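The structure appears right after this line, and notes come after that.
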Amino acid sequence: MLLSRCLSKRYRTIINSSSSCSSSIQCNIPKLSTCFKKFHSSNKKDSKREFDADELLHRSSIPTDHFQRSLPRLPIPKLHDTCSRYSQSVQPLIPQHKQHFSVDKTVQSLQEYHNELVQLDKSNKQTSYISGPWYDMYLKYRPALVFNHNPFVVFNPDPRKLYNTQIVRATNMIVSAMKFMKTYRAGLLEPEVFHLNPKKSDTQSFRNFVKYLPQAVSWYGAYWYKAFPLDMSQFPRLFNSTRIPRLVKDELLTDETARHIAVQRKGHIYIFDVINEDGRIAPPGDIMANIQYILNDDIGECEHPIGALTSEHRDTWAQLRESLVNNGNEEALRLVDTAVFMLSLDDYSPKHETDVKGMSSQFLHGRASNRWYDKSFSLLFAADGTASVNFEHSWGDGVAVLRFFNEVFKDTTSNPSVHPDSKPSSIDSSQSVRRIKFQLNDEVKSGIKTALEKFDQKVKTLDLDYFVMDAFGSKYLKSKKISPDAFMQLAFQMAYHKQSNGRTVGSYESCSTSAFKHGRTETIRPCTLFTRNTSEMFNTTTSEASPQEMENSIRQCSDKHNELTKNAAMGQGFDRHLFAMKSICLNRGDKLPDIYEEPGYNLLNHNIISTSTLSSPSVLIGGFAPVVSDGYGIGYAIMADKLGCIVTSYPPETNVSEFVDCVKQSVKEMNCVLDGKHFR
């Protein structure tokens with residue numbers, strides 16, 4: 001549902017805590033050297049095919065999927081550990097829960113479902129135990145995707161100002177996106193690897209070693225270097241993919257044979273080929289000419305923009321789509337569905353470079369008439385060239401999207417295909433660009449009108465605010481031996497406690513489990529007894545705690561958060577385990593065990609504070625809408641010298657500006673304490 005956690009901190013905790021599996025890994029290491037050269041030829045992928053340098057981002061010496069076969073499987077936690085961790089997480093929300101909740105009785109009530117889950121996992125070794133239930137959770141979700149599932153991430157501007165025009169940046173990003181796609185499909189994209197010690201493993205000697213290893217043991221060879229390959233099974237869904245609305249459960253469609261992109265402008269949808277018949281990327285000048293042709297089209301606003309239907313309830317959209325198909329639009333819809341990706345050209349321009357509110361609103365939802373929220377991802381361009389990605393979440397998480405995002409930003413800023421003085425080629429774009437025409441009956445026209453009205457009403461209910469702290473960031477916090485992520489999570493807990501006069505509530509932080517085959521995400525539960533006690537210490541005016549006592553309390557929160565992070569990243573959280581067992585129970589038609597009906601479970605999963613972070617030099621801002629009507633959606637970033645967040649909410653149940661003020665105050669108070677000062 002949310003963006004996955006940024007990986008570097010997560011997997012550092014994995015390595016530092018992997019003693020439980022290290023013995024089984026180490027026993028395989030001596031065998032690796034004997035395999036060093038033996039299987040080199042079997043690991044070449046598409047070795048006979050040649051590619052020009054301008055067609056690729058790079059040529060990895062290690063095949064892209066080299067580690068996929070030997071990735072460790074996502075572990076199913078011990079049932080007793082899951083129930084115990086659940087009880088600990090609920091306790092801050094219901095203090096008396098510890099007295100009323102029996103771990104042993106809950107284990108007994110869940111044992112049958114746990115056993116079935118273990119057996120299913122053993123018979124499906126090609127995937128993870130969470131993959132099937134997680135896809136079902138997303139694809140059976142019936143409310144609209146926009147506001148509920150789709151996040152956005154905004155690119156930093158090109159450091160060269162003149163490259164930030166809409167047509168130049170769109171052309172460059174199209175070309176770079178195609179280079180990414182071709183590099184991946186050729187098996188030449190550098191595998192996604194977390195390097196614990198980059199000086200040792202992010203080297204040519206490392207690559208020369210692991211590329212000779214057979215895929216069945218390649219992960220172990222990387223582990224020898226303390227490098228940890230990540231799952232890349234989601235990458236094929238990046239391109240030529242979309243989510244098709246169906247009654248009850250949607251489906252994912254991917255067609256790699258399509259060579260065109262779809263472009264939205266004023267609600268109209270155009271297509272043109274970005275891959276030529278010979279398989280090469282279309283010349284940048286031709287792409288530029290086609291974009292210019294679309295921008296110059298004076299047809300006016302589309303009276304009945306089909307894209308608006310993707311903002312509807314999924315069953316409503318499914319029924320209207322069926323009506324579209326029956327009215328002769330099957331091929332038109334397929335052109336959109338199979339497009340390499342969607343590109344939206346907007347008339348909007350930020351008021352200024354730091355117009356965070358305007359950019360966030362535009363790229364989180366924009367105008368439904370000029371969006372297709374079902375595509376795996378859309379590239380969105382403001383009139384001034386500000387660029388963003390908005391992506392549908394069922395097919396994948398932030399790891400795949402961030403890799404694409406970073407590679408496209410790097411390529412467009414270091415190796416642009418067109419320049420500010422580049423001219424579009426002289427091709428006849430009226431022949432290469434096609435505007436899709438839909439045949440609409442009254443039912444669909446009425447459905448579009450209703451969708452636009454509902455969308456506009458929803459936009460009016462959404463509020464947004466943000467803050468940026470330039471005084472310090474991760475560098476300062478690390479110097480104080482405080483986890484930057486724990487610091488921000490504590491700030492959110494303290495802020496809500498301050499705003500709500502002492503309440504502690506269900507809180508969610510997304511954590512990637514892509515260190516495992518077909519891993520998705522696990523939940524970190526940031527609200528703990530430590531954060532509750534620390535919030536009370538800071539927010540109670542009668543508190544007589546000294547700065548040293550407050551600092552110690554912050555450190556306890558940091559230590560506990562690091563433990564929770566380690567557990568989640570290692571597949572030892574409890575949320576996904578409970579979710580998978582619940583799915584089995586529901587599929588069998590059984591009565592739910594008591595744990596799923598108790599107040600604690602409902603409170604814990606009503607995520608009033610829902611958070612995710614995606615920090616990268618290529619990212620300007622990112623965020624998402626709240627997941628509950630009385631909650632906050634918090635996208636945050638922690639850089640070396642600054643930190644900040646974008647917060648969304650639905651008033652009047654919430655007051656986002658007041659909450660942001662409380663976050664600012666909490667950050668400043670903790671900063672004072674860490675500097676040994678009184679803040680009152």
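For the structure tokens, the naming scheme is as follows: chains receive sequential letters (A, B, ...) according to their order of presentation, residues are indexed from 1 within each chain, and ligands are indexed from 1 in presentation order.
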
Any chance you could list, as a PDB file with C-alpha atoms, in the first residue's frame, the residues in stretch 523-639 of chain A that come up helix (DSSP H, G or I) when DSSP is run on the backbone?
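Full text of result-v1.pdb as output:
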```
ATOM      1  CA  LEU A 529       5.838   1.545  25.255  1.00  0.00           C
ATOM      2  CA  PHE A 530       9.105   3.465  24.867  1.00  0.00           C
ATOM      3  CA  THR A 531       7.650   6.035  22.447  1.00  0.00           C
ATOM      4  CA  ARG A 532       4.548   6.425  24.604  1.00  0.00           C
ATOM      5  CA  ASN A 533       6.606   7.001  27.741  1.00  0.00           C
ATOM      6  CA  THR A 534       8.943   9.410  25.950  1.00  0.00           C
ATOM      7  CA  SER A 535       5.996  11.358  24.545  1.00  0.00           C
ATOM      8  CA  GLU A 536       4.556  11.693  28.043  1.00  0.00           C
ATOM      9  CA  MET A 537       7.926  12.833  29.358  1.00  0.00           C
ATOM     10  CA  PHE A 538       8.225  15.587  26.744  1.00  0.00           C
ATOM     11  CA  ASN A 539       4.588  16.659  26.547  1.00  0.00           C
ATOM     12  CA  PRO A 547      17.797  16.629  29.639  1.00  0.00           C
ATOM     13  CA  GLN A 548      19.963  13.573  30.357  1.00  0.00           C
ATOM     14  CA  GLU A 549      16.931  11.496  31.337  1.00  0.00           C
ATOM     15  CA  MET A 550      15.107  12.666  28.214  1.00  0.00           C
ATOM     16  CA  GLU A 551      18.107  11.840  26.054  1.00  0.00           C
ATOM     17  CA  ASN A 552      18.266   8.369  27.573  1.00  0.00           C
ATOM     18  CA  SER A 553      14.578   7.933  26.793  1.00  0.00           C
ATOM     19  CA  ILE A 554      15.183   8.914  23.158  1.00  0.00           C
ATOM     20  CA  ARG A 555      17.981   6.350  22.984  1.00  0.00           C
ATOM     21  CA  GLN A 556      15.702   3.631  24.347  1.00  0.00           C
ATOM     22  CA  CYS A 557      13.219   4.461  21.570  1.00  0.00           C
ATOM     23  CA  SER A 558      15.998   4.301  19.006  1.00  0.00           C
ATOM     24  CA  ASP A 559      17.246   0.936  20.261  1.00  0.00           C
ATOM     25  CA  LYS A 560      13.743  -0.537  20.253  1.00  0.00           C
ATOM     26  CA  HIS A 561      13.040   0.823  16.794  1.00  0.00           C
ATOM     27  CA  ASN A 562      16.260  -0.715  15.481  1.00  0.00           C
ATOM     28  CA  GLU A 563      15.154  -4.066  16.913  1.00  0.00           C
ATOM     29  CA  LEU A 564      11.753  -3.796  15.216  1.00  0.00           C
ATOM     30  CA  THR A 565      13.419  -2.770  11.955  1.00  0.00           C
ATOM     31  CA  LYS A 566      15.780  -5.732  12.101  1.00  0.00           C
ATOM     32  CA  ASN A 567      12.903  -8.133  12.724  1.00  0.00           C
ATOM     33  CA  ALA A 568      10.814  -6.724   9.878  1.00  0.00           C
ATOM     34  CA  ALA A 569      13.645  -6.695   7.328  1.00  0.00           C
ATOM     35  CA  ASP A 575       1.738  -8.540  10.514  1.00  0.00           C
ATOM     36  CA  ARG A 576       2.246 -10.545   7.318  1.00  0.00           C
ATOM     37  CA  HIS A 577       2.170 -13.850   9.207  1.00  0.00           C
ATOM     38  CA  LEU A 578      -1.157 -12.968  10.841  1.00  0.00           C
ATOM     39  CA  PHE A 579      -2.459 -11.700   7.499  1.00  0.00           C
ATOM     40  CA  ALA A 580      -1.561 -14.930   5.677  1.00  0.00           C
ATOM     41  CA  MET A 581      -3.250 -17.089   8.332  1.00  0.00           C
ATOM     42  CA  LYS A 582      -6.340 -14.891   8.221  1.00  0.00           C
ATOM     43  CA  SER A 583      -6.460 -15.330   4.432  1.00  0.00           C
ATOM     44  CA  ILE A 584      -6.417 -19.121   4.827  1.00  0.00           C
ATOM     45  CA  CYS A 585      -9.196 -18.935   7.400  1.00  0.00           C
ATOM     46  CA  LEU A 586     -11.377 -16.737   5.162  1.00  0.00           C
ATOM     47  CA  ASN A 587     -10.737 -18.910   2.108  1.00  0.00           C
ATOM     48  CA  ARG A 588     -11.901 -21.934   4.068  1.00  0.00           C
ATOM     49  CA  ASP A 594     -10.666 -14.444  18.508  1.00  0.00           C
ATOM     50  CA  ILE A 595      -7.435 -12.517  17.852  1.00  0.00           C
ATOM     51  CA  TYR A 596      -8.903 -11.026  14.654  1.00  0.00           C
ATOM     52  CA  PRO A 599     -10.350  -4.536  19.988  1.00  0.00           C
ATOM     53  CA  GLY A 600      -6.557  -4.578  20.043  1.00  0.00           C
ATOM     54  CA  TYR A 601      -6.289  -6.025  16.539  1.00  0.00           C
ATOM     55  CA  ASN A 602      -8.700  -3.460  15.139  1.00  0.00           C
ATOM     56  CA  LEU A 603      -6.938  -0.577  16.873  1.00  0.00           C
ATOM     57  CA  LEU A 604      -3.544  -1.746  15.690  1.00  0.00           C
ATOM     58  CA  ASN A 605      -4.684  -2.037  12.086  1.00  0.00           C
TER      59      ASN A 605
END
```

With 8 Å as the cut-off and only C-alpha atoms counted, what is the closest atom pair between each nearby residue of stretch 231-334 of chain A and stretch 176-191 of chain A? Distances in Å to one decimal, ordered by chain and number, as JSON lines.
```
{"residue": "A:Met232", "atom": "CA", "partner": "A:Pro191", "partner_atom": "CA", "distance": 7.9}
{"residue": "A:Phe239", "atom": "CA", "partner": "A:Met181", "partner_atom": "CA", "distance": 7.3}
{"residue": "A:Val274", "atom": "CA", "partner": "A:Met178", "partner_atom": "CA", "distance": 7.7}
{"residue": "A:Ile281", "atom": "CA", "partner": "A:Met178", "partner_atom": "CA", "distance": 6.8}
```

Please produce a file of those selected residues containing all heavy atoms, as a compact mmCIF listing (two decimals), in the first residue's frame.
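selection05.txt was written with the following content:
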```
# COMPACT_ATOMS: atom_id res chain seq x y z
N MET A 232 14.33 -9.34 -7.76
CA MET A 232 14.01 -8.51 -8.92
C MET A 232 12.82 -9.07 -9.70
O MET A 232 12.63 -8.75 -10.87
CB MET A 232 15.23 -8.39 -9.83
CG MET A 232 16.41 -7.70 -9.15
SD MET A 232 17.81 -7.40 -10.26
CE MET A 232 17.17 -6.07 -11.28
N PHE A 239 6.97 -2.38 -17.28
CA PHE A 239 6.64 -1.89 -18.61
C PHE A 239 5.54 -2.72 -19.26
O PHE A 239 5.38 -3.90 -18.96
CB PHE A 239 7.89 -1.92 -19.50
CG PHE A 239 9.03 -1.10 -18.96
CD1 PHE A 239 10.10 -1.70 -18.31
CD2 PHE A 239 9.01 0.28 -19.06
CE1 PHE A 239 11.14 -0.95 -17.80
CE2 PHE A 239 10.05 1.05 -18.55
CZ PHE A 239 11.12 0.44 -17.92
N VAL A 274 7.77 4.09 -29.70
CA VAL A 274 9.08 4.51 -29.17
C VAL A 274 10.13 3.45 -29.46
O VAL A 274 11.32 3.68 -29.22
CB VAL A 274 9.00 4.80 -27.66
CG1 VAL A 274 8.23 6.08 -27.39
CG2 VAL A 274 8.36 3.63 -26.90
N ILE A 281 15.46 1.85 -30.34
CA ILE A 281 14.74 3.00 -29.80
C ILE A 281 14.56 4.04 -30.90
O ILE A 281 15.49 4.31 -31.67
CB ILE A 281 15.50 3.61 -28.61
CG1 ILE A 281 15.66 2.57 -27.49
CG2 ILE A 281 14.77 4.85 -28.07
CD1 ILE A 281 16.56 3.02 -26.35
```

Practice prompt. Compile the contact shell of A:Thr338 as a PyMOL selection string: residues with an atom at most 6 Å away, counting only C-alpha atoms, same-chain residues fewer than 2 positions apart removed.
Written response: chain A and resi 240-241+255+334-336

Worksheet item: Closest to A:Pro416 among A:Pro652, A:Gly631, A:Pro284, A:Gly447, using only C-alpha atoms?
Response: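 Residue with the minimum atom-to-atom distance to A:Pro416: A:Pro284.
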
Fill in: Who sits within 10 Å of A:Ser430, only C-alpha atoms, same chain under 6 positions skipped, as a list in words
Asn290, Tyr293 and Ile294 of chain A

Written selection (N, CA and C atoms) as a PDB file, in the first residue's frame:
```
ATOM      1  N   ASN A 290       7.148  14.188 -32.101  1.00  0.00           N
ATOM      2  CA  ASN A 290       5.830  13.656 -31.753  1.00  0.00           C
ATOM      3  C   ASN A 290       5.258  14.324 -30.510  1.00  0.00           C
ATOM      4  N   TYR A 293       4.133  17.741 -31.552  1.00  0.00           N
ATOM      5  CA  TYR A 293       2.876  17.639 -32.305  1.00  0.00           C
ATOM      6  C   TYR A 293       1.686  17.549 -31.350  1.00  0.00           C
ATOM      7  N   ILE A 294       1.832  16.749 -30.305  1.00  0.00           N
ATOM      8  CA  ILE A 294       0.743  16.605 -29.332  1.00  0.00           C
ATOM      9  C   ILE A 294       0.520  17.907 -28.570  1.00  0.00           C
TER      10      ILE A 294
END
```

Worksheet item: Could you pull the residues within 10 Å of A:Phe659, counting only C-alpha atoms, minus those fewer than 4 positions along the same chain, as a PyMOL selection string?
Response: chain A and resi 465-466+492+495-500+632+647+649+654-655+663-665
